[in-house]
Structure formats: C-alpha cells, structure tokens
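Pasting final-v1.cif here (mmCIF, C-alpha atoms and all ligand atoms):
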data_my_file
#
loop_
_atom_site.label_atom_id
_atom_site.label_comp_id
_atom_site.auth_asym_id
_atom_site.auth_seq_id
_atom_site.Cartn_x
_atom_site.Cartn_y
_atom_site.Cartn_z
CA MET A 20 -9.29 -13.90 4.93
CA ARG A 21 -7.95 -10.69 3.50
CA LEU A 22 -4.69 -8.96 4.38
CA SER A 23 -5.30 -5.27 4.99
CA ARG A 24 -2.15 -3.87 6.62
CA VAL A 25 1.49 -4.77 7.20
CA LYS A 26 3.74 -3.00 9.71
CA LEU A 27 7.45 -3.73 9.79
CA THR A 28 10.33 -2.58 11.90
CA GLY A 29 13.90 -3.87 11.89
CA PHE A 30 13.00 -6.64 9.42
CA LYS A 31 15.81 -7.17 6.88
CA SER A 32 16.21 -3.94 4.86
CA PHE A 33 13.11 -2.37 6.51
CA VAL A 34 15.09 -0.86 9.37
CA ASP A 35 12.76 2.08 10.09
CA PRO A 36 9.11 1.46 10.98
CA VAL A 37 6.87 1.34 7.90
CA GLU A 38 3.19 0.73 7.56
CA LEU A 39 1.68 -0.48 4.29
CA ARG A 40 -2.00 -0.69 3.52
CA VAL A 41 -3.14 -3.46 1.22
CA LEU A 42 -6.15 -2.38 -0.79
CA PRO A 43 -8.76 -4.79 -2.21
CA GLY A 44 -7.86 -6.38 -5.54
CA LEU A 45 -4.55 -7.46 -6.97
CA THR A 46 -1.45 -5.88 -5.41
CA GLY A 47 1.82 -5.56 -7.27
CA VAL A 48 5.12 -4.58 -5.67
CA VAL A 49 7.49 -2.86 -8.07
CA GLY A 50 10.93 -1.29 -7.69
CA PRO A 51 14.56 -1.65 -8.73
CA ASN A 52 16.65 -4.72 -7.92
CA GLY A 53 17.53 -4.98 -4.25
CA CYS A 54 14.95 -2.43 -3.05
CA GLY A 55 13.21 -4.96 -0.78
CA LYS A 56 10.31 -6.44 -2.77
CA SER A 57 11.14 -10.03 -1.83
CA ASN A 58 11.90 -8.93 1.76
CA LEU A 59 8.36 -7.57 2.02
CA LEU A 60 6.81 -10.87 0.88
CA GLU A 61 9.11 -12.71 3.28
CA ALA A 62 8.01 -10.44 6.13
CA ILE A 63 4.38 -11.45 5.53
CA ARG A 64 5.27 -15.15 5.42
CA TRP A 65 7.44 -14.75 8.49
CA ALA A 66 4.61 -13.19 10.51
CA MET A 67 2.38 -16.10 9.43
CA GLY A 68 4.80 -18.43 11.17
CA GLU A 69 7.39 -19.43 8.57
CA GLY A 70 9.75 -21.75 10.43
CA SER A 71 12.47 -22.22 7.82
CA ALA A 72 15.28 -19.64 7.82
CA LYS A 73 16.49 -21.10 4.53
CA SER A 74 13.22 -20.30 2.78
CA LEU A 75 13.72 -16.71 3.99
CA ARG A 76 17.17 -16.77 2.36
CA GLY A 77 18.97 -16.86 5.71
CA GLY A 78 21.18 -19.30 7.59
CA ALA A 79 19.57 -18.68 10.99
CA MET A 80 16.25 -17.11 11.89
CA GLU A 81 18.00 -14.10 13.46
CA ASP A 82 19.26 -13.20 10.00
CA VAL A 83 15.90 -11.49 9.40
CA ILE A 84 16.96 -8.76 11.87
CA PHE A 85 18.45 -5.65 10.23
CA ALA A 86 22.15 -6.47 10.04
CA GLY A 87 23.45 -2.90 9.79
CA THR A 88 25.12 -0.95 7.01
CA ALA A 89 28.22 1.24 6.79
CA SER A 90 26.20 4.14 8.23
CA ARG A 91 23.69 2.41 10.53
CA PRO A 92 24.21 -0.05 13.38
CA GLN A 93 22.45 -3.41 13.45
CA ARG A 94 19.16 -3.79 15.28
CA GLN A 95 18.45 -5.98 18.29
CA PHE A 96 14.99 -7.04 17.16
CA ALA A 97 12.65 -7.32 14.20
CA GLU A 98 8.89 -7.09 14.39
CA VAL A 99 6.19 -7.60 11.76
CA ALA A 100 2.49 -7.04 12.40
CA ILE A 101 -0.12 -8.08 9.91
CA LEU A 102 -3.75 -7.12 10.09
CA ALA A 103 -6.20 -9.44 8.40
CA THR A 104 -9.95 -9.46 8.11
CA ASN A 105 -11.86 -12.72 8.31
CA GLU A 106 -15.50 -13.70 8.92
CA ASN A 107 -15.03 -12.96 12.66
CA GLY A 108 -13.70 -9.44 12.09
CA GLU A 109 -10.17 -8.11 12.31
CA VAL A 110 -7.27 -10.12 13.62
CA GLU A 111 -3.79 -8.73 14.24
CA VAL A 112 -0.85 -11.13 14.32
CA VAL A 113 2.52 -9.87 15.57
CA ARG A 114 5.78 -11.78 15.42
CA ARG A 115 8.89 -10.44 17.05
CA ILE A 116 12.40 -11.85 17.21
CA GLU A 117 15.16 -10.63 19.49
CA ARG A 118 18.84 -11.49 19.21
CA GLY A 119 19.49 -14.42 21.53
CA ALA A 120 15.85 -14.72 22.56
CA GLY A 121 14.02 -16.29 19.60
CA SER A 122 10.54 -15.51 18.30
CA ALA A 123 7.39 -14.51 20.16
CA TYR A 124 3.87 -14.26 18.73
CA ARG A 125 0.80 -12.28 19.67
CA ILE A 126 -2.72 -12.54 18.28
CA ASN A 127 -4.91 -9.54 19.10
CA GLY A 128 -2.53 -8.61 21.92
CA ARG A 129 -2.43 -12.07 23.57
CA ASP A 130 0.75 -14.14 23.73
CA VAL A 131 0.31 -17.31 21.68
CA ARG A 132 2.38 -20.21 20.33
CA ALA A 133 3.85 -20.22 16.83
CA ARG A 134 1.41 -23.06 16.09
CA ASP A 135 -1.57 -20.81 16.88
CA ALA A 136 -0.46 -18.24 14.31
CA GLN A 137 0.30 -20.97 11.76
CA LEU A 138 -3.09 -22.63 12.26
CA LEU A 139 -4.93 -19.33 11.95
CA PHE A 140 -3.56 -18.89 8.45
CA ALA A 141 -3.46 -22.59 7.50
CA ASP A 142 -7.22 -22.81 7.93
CA ALA A 143 -7.75 -19.73 5.81
CA ALA A 144 -5.51 -21.05 3.00
CA THR A 145 -3.32 -17.99 3.38
CA GLY A 146 -0.40 -19.55 5.26
CA ALA A 147 3.31 -19.00 4.91
CA HIS A 148 3.43 -21.72 2.23
CA SER A 149 0.20 -20.70 0.57
CA PRO A 150 0.17 -20.46 -3.22
CA ALA A 151 -1.51 -17.08 -2.69
CA LEU A 152 1.98 -15.69 -2.01
CA VAL A 153 4.04 -16.21 -5.12
CA SER A 154 7.71 -15.84 -4.26
CA GLN A 155 10.52 -15.42 -6.74
CA GLY A 156 11.27 -18.73 -8.50
CA ARG A 157 8.04 -20.29 -7.20
CA ILE A 158 6.41 -20.79 -10.62
CA GLY A 159 9.39 -22.89 -11.70
CA SER A 160 9.24 -24.95 -8.52
CA ILE A 161 5.50 -25.64 -9.01
CA ILE A 162 6.16 -26.88 -12.55
CA ALA A 163 9.02 -29.08 -11.32
CA ALA A 164 7.16 -30.35 -8.22
CA LYS A 165 6.69 -34.04 -7.52
CA PRO A 166 3.05 -35.29 -7.35
CA ALA A 167 3.07 -35.38 -3.52
CA GLU A 168 4.35 -31.81 -3.34
CA ARG A 169 1.75 -30.69 -5.85
CA ARG A 170 -0.94 -32.37 -3.78
CA GLN A 171 0.25 -30.38 -0.75
CA MET A 172 -0.07 -27.15 -2.74
CA LEU A 173 -3.64 -28.10 -3.74
CA GLU A 174 -4.48 -28.87 -0.11
CA GLU A 175 -3.15 -25.47 0.96
CA ALA A 176 -5.26 -23.86 -1.75
CA ALA A 177 -8.32 -25.83 -0.61
CA GLY A 178 -7.77 -24.71 2.99
CA ILE A 179 -7.50 -28.22 4.46
CA SER A 180 -3.81 -28.26 5.41
CA GLY A 181 -4.72 -27.06 8.92
CA LEU A 182 -6.54 -30.36 9.41
CA HIS A 183 -3.39 -32.34 8.61
CA VAL A 184 -1.39 -30.28 11.10
CA ARG A 185 -3.99 -30.95 13.80
CA ARG A 186 -4.04 -34.69 12.99
CA ARG A 187 -0.25 -34.87 13.25
CA GLU A 188 -0.40 -33.06 16.61
CA ALA A 189 -3.10 -35.47 17.84
CA GLU A 190 -1.03 -38.50 16.78
CA ILE A 191 2.05 -37.24 18.64
CA ARG A 192 0.18 -36.88 21.93
P1 LIG B 201 15.14 -8.24 -7.00
O1 LIG B 201 14.40 -7.33 -7.94
O2 LIG B 201 16.56 -8.42 -7.42
O3 LIG B 201 14.44 -9.53 -6.74
P2 LIG B 201 14.22 -7.26 -4.42
O4 LIG B 201 13.51 -5.96 -4.53
O5 LIG B 201 13.40 -8.49 -4.27
O6 LIG B 201 15.27 -7.41 -5.62
P3 LIG B 201 15.26 -7.98 -1.86
O7 LIG B 201 15.87 -9.32 -2.16
O8 LIG B 201 13.95 -7.95 -1.16
O9 LIG B 201 15.22 -7.13 -3.20
O10 LIG B 201 16.26 -7.10 -0.99
C1 LIG B 201 17.62 -7.34 -0.99
C2 LIG B 201 18.30 -6.32 -0.08
O11 LIG B 201 17.93 -6.55 1.28
C3 LIG B 201 19.81 -6.43 -0.18
O12 LIG B 201 20.31 -5.13 -0.36
C4 LIG B 201 20.20 -6.98 1.17
O13 LIG B 201 21.41 -6.48 1.60
C5 LIG B 201 19.08 -6.45 2.06
N1 LIG B 201 18.97 -7.28 3.26
C6 LIG B 201 18.59 -8.57 3.37
N2 LIG B 201 18.63 -9.00 4.63
C7 LIG B 201 19.06 -7.94 5.36
C8 LIG B 201 19.35 -7.73 6.75
N3 LIG B 201 19.18 -8.70 7.67
N4 LIG B 201 19.77 -6.51 7.13
C9 LIG B 201 19.93 -5.53 6.23
N5 LIG B 201 19.69 -5.64 4.93
C10 LIG B 201 19.26 -6.84 4.49
MG MG B 202 13.27 -10.25 -5.31
#

Can the structure from this file be put into structure tokens for me?
Ligand code: ATP
Ligand code: MG
Amino acid sequence: MRLSRVKLTGFKSFVDPVELRVLPGLTGVVGPNGCGKSNLLEAIRWAMGEGSAKSLRGGAMEDVIFAGTASRPQRQFAEVAILATNENGEVEVVRRIERGAGSAYRINGRDVRARDAQLLFADAATGAHSPALVSQGRIGSIIAAKPAERRQMLEEAAGISGLHVRRREAEIR
C-alpha cells in the first residue's frame, strides 16, 4: 500500500484546508521548529485510526481540533483524508472529529467503524503504529523496547498484526 495524498482541515495547526501529494520514493518533511512537521505525521496516524490521544501529544482526542490563536477562533471539527493505493486500486479513508460528537470514519464514501479503518492499514503493515512512520523519539524507544514490544514491531512490519486483532475480536465474541 502506498500513500499518495493527504488532505487536512482543522487538524492541530493545519487550520485551513491543505492538500499534500506524496510522490513515490522517500519523503522528507523539513521546516523550522513548531511549523507542524510532527502534526502532519500525527494527522496520517490519526486517519489510520490512532486511538490514543496521548500518543498524539494530547490529553483528549478533541485536542487534535484547531484550538484557536490570538487572531483566529477555534474550530468545531477536524478532518483528515488520506488516499492510498493498494492492489485493489485507490482507497480513500476519511476521519472526522467534532467537538462533543467524537470520531467518524468513511472508506470510499461509506460510513465504517474505526476498526475497519484500522484493519485496512494493519493488514498492509502501514498502520498507525507501523514502523514505516517514524515519529520523533521513536528510534530511542525502539532501542529501549522490551522483547515483547520489539516482537510487536516486527509483526507490524511483517503485516500480520491484523490477524492478532481479528483473533482477539473472535475470542471476545
Ligand atoms: P519540531 O521541529 O520542534 O519537532 P514540528 O515542526 O514538529 O517542530 P509540531 O510539533 O508539529 O512542530 O507543531 C507544533 C505547533 O502546533 C505548536 O505551535 C502548537 O501550538 C501547534 N498546535 C498543536 N496542536 C494544536 C491545536 N489543537 N490547535 C492549534 N495549534 C496546535
Ligand atoms: Mg516535531
């Protein structure tokens, strides 16, 4: 699976709608401190179904919504759309969060569960916790990881973590 486009609106510092194309090959994001590089990576992980506000440097999930500045009011919602290409063609995943209303997901225009978005990427080894997305401080955490955590990273890389999620779901039922 390859990420080809990211659209953001109201997500953290990305208050105005922006569309970014991701070209084949290695992509680097550069800019001065505080310009939004980490926010961009977090937006991609968020759209893939990241469920932990803490790992997005927030206290609550609504903290991803543009909080306002001295000159601009806060926003009521944040939305991130990512377009990816897999063996079945293009797939667009949209996650939206509204103040007081929580998150909603769409895949190719259809309303889906968070799980559906997570599984889509878990199977492709590109999920929100995938080692393909290297967040700030992540190298250090990989070096310091316990064996079980390192095994989980290898399973994500091998694209089999989706199977574990499905097994856990099957056991709960
Ligand atoms: P560094 O080079 O230091 O790692 P960076 O480019 O990764 O910087 P980010 O951490 O992505 O920068 O962006 C930080 C900026 O995003 C801060 O100015 C912060 O105020 C802003 N920000 C974060 N969350 C929100 C929000 N909900 N609403 C508005 N601005 C936000
Ligand atoms: Mg950063």

Report task. Identify, counting all atoms listed in the file, the protein, DNA and RNA residues located within 10 Å of ligand MG 202 (chain B), and give them as a VMD selection string. Result -> chain A and resid 48 to 61 154 to 156

Query - Interatomic distance (Å, one decimal) between CA of Gly68 (chain A) and atom P1 of ligand LIG 201 (chain B) - result: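 Between CA of Gly68 (chain A) and atom P1 of ligand LIG 201 (chain B) the gap is 23.3 Å.
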
Query raised in the report: At a cut-off of 9 Å from (-1.7, -28.7, 8.1) in the coordinates of the file, what residues are picked up using only C-alpha atoms, written as a PyMOL selection string?
Result: chain A and resi 137-138+141-142+174-175+178-187

Expected file: the selected residues, C-alpha atoms, as a CSV table (one decimal), keeping the file's coordinate frame:
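So selection.csv came out as:
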chain,number,residue,atom,x,y,z
A,137,GLN,CA,0.3,-21.0,11.8
A,138,LEU,CA,-3.1,-22.6,12.3
A,141,ALA,CA,-3.5,-22.6,7.5
A,142,ASP,CA,-7.2,-22.8,7.9
A,174,GLU,CA,-4.5,-28.9,-0.1
A,175,GLU,CA,-3.2,-25.5,1.0
A,178,GLY,CA,-7.8,-24.7,3.0
A,179,ILE,CA,-7.5,-28.2,4.5
A,180,SER,CA,-3.8,-28.3,5.4
A,181,GLY,CA,-4.7,-27.1,8.9
A,182,LEU,CA,-6.5,-30.4,9.4
A,183,HIS,CA,-3.4,-32.3,8.6
A,184,VAL,CA,-1.4,-30.3,11.1
A,185,ARG,CA,-4.0,-31.0,13.8
A,186,ARG,CA,-4.0,-34.7,13.0
A,187,ARG,CA,-0.2,-34.9,13.2

Requested in this report: Take the point (-1.0, -19.9, 15.8) as written in the file and pick out every residue within 10 Å of it, counting all atoms listed in the file; give the list as a list in words.
Outcome: Met67, Gly68, Val112, Tyr124, Arg125, Ile126, Asp130, Val131, Arg132, Ala133, Arg134, Asp135, Ala136, Gln137, Leu138, Leu139, Phe140 and Ala141 of chain A

For region 69-81 of chain A, find every residue with an atom within 9 Å (counting all atoms listed in the file), except residues of its own chain fewer than 6 positions away, and show them as a PDB file with C-alpha atoms, in the coordinates of the input.
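Contents of selection.pdb, freshly written:
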ATOM      1  CA  ASN A  58      11.900  -8.930   1.760  1.00  0.00           C
ATOM      2  CA  GLU A  61       9.110 -12.710   3.280  1.00  0.00           C
ATOM      3  CA  ALA A  62       8.010 -10.440   6.130  1.00  0.00           C
ATOM      4  CA  PHE A  96      14.990  -7.040  17.160  1.00  0.00           C
ATOM      5  CA  ALA A  97      12.650  -7.320  14.200  1.00  0.00           C
ATOM      6  CA  ILE A 116      12.400 -11.850  17.210  1.00  0.00           C
ATOM      7  CA  GLU A 117      15.160 -10.630  19.490  1.00  0.00           C
ATOM      8  CA  ARG A 118      18.840 -11.490  19.210  1.00  0.00           C
ATOM      9  CA  GLY A 119      19.490 -14.420  21.530  1.00  0.00           C
ATOM     10  CA  GLY A 121      14.020 -16.290  19.600  1.00  0.00           C
ATOM     11  CA  SER A 122      10.540 -15.510  18.300  1.00  0.00           C
ATOM     12  CA  ALA A 133       3.850 -20.220  16.830  1.00  0.00           C
ATOM     13  CA  GLN A 137       0.300 -20.970  11.760  1.00  0.00           C
ATOM     14  CA  GLY A 146      -0.400 -19.550   5.260  1.00  0.00           C
ATOM     15  CA  ALA A 147       3.310 -19.000   4.910  1.00  0.00           C
ATOM     16  CA  HIS A 148       3.430 -21.720   2.230  1.00  0.00           C
TER      17      HIS A 148
END

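Going from CA of Trp65 (chain A) to atom O13 of ligand LIG 201 (chain B) covers 17.6 Å.
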
Query - Using only C-alpha atoms and all ligand atoms: which of A:Gly29, A:Gly128, A:Gly44, A:Pro36 has the shortest distance to ligand LIG 201 (chain B) - result: A:Gly29

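Ranking A:Ala103, A:Leu173, A:Val34, A:Ala89 by their shortest atom-to-atom distance to ligand LIG 201 (chain B), with only C-alpha atoms and all ligand atoms included, puts A:Val34 first.
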
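Counting all atoms listed in the file and comparing A:Val41, A:Ala177, A:Ala163, A:Ile84, the residue that lies closest to Ser23 (chain A) is A:Val41.
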
Query raised in the report: What is the distance between CA of Arg114 (chain A) and CA of Ile101 (chain A), in Å to one decimal?
Result: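 Those two atoms sit 8.9 Å apart.
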
Requested in this report: Determine the nearest neighbour of ligand LIG 201 (chain B) from the options A:Thr88, A:Thr104, A:Pro43, A:Arg64, counting only C-alpha atoms and all ligand atoms.
Outcome: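 Once distances to ligand LIG 201 (chain B) are computed over only C-alpha atoms and all ligand atoms, the minimum belongs to A:Thr88.
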
As JSON: centre and edge lengths in Å, one decimal, of the axis-aligned box holding ligand LIG 201 (chain B) with 3 Å per side:
{"center_x": 17.4, "center_y": -7.3, "center_z": -0.1, "size_x": 14.0, "size_y": 10.4, "size_z": 21.6}

**Report entry** Which residue of A:Arg91, A:Arg21, A:Lys31, A:Arg157 approaches ligand LIG 201 (chain B) most closely, using all atoms listed in the file
**Finding:**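 Nearest to ligand LIG 201 (chain B): A:Lys31.
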
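Using all atoms listed in the file, the smallest distance between any of A:Val110, A:Val83, A:Leu152, A:Ala123 and ligand LIG 201 (chain B) comes from A:Val83.
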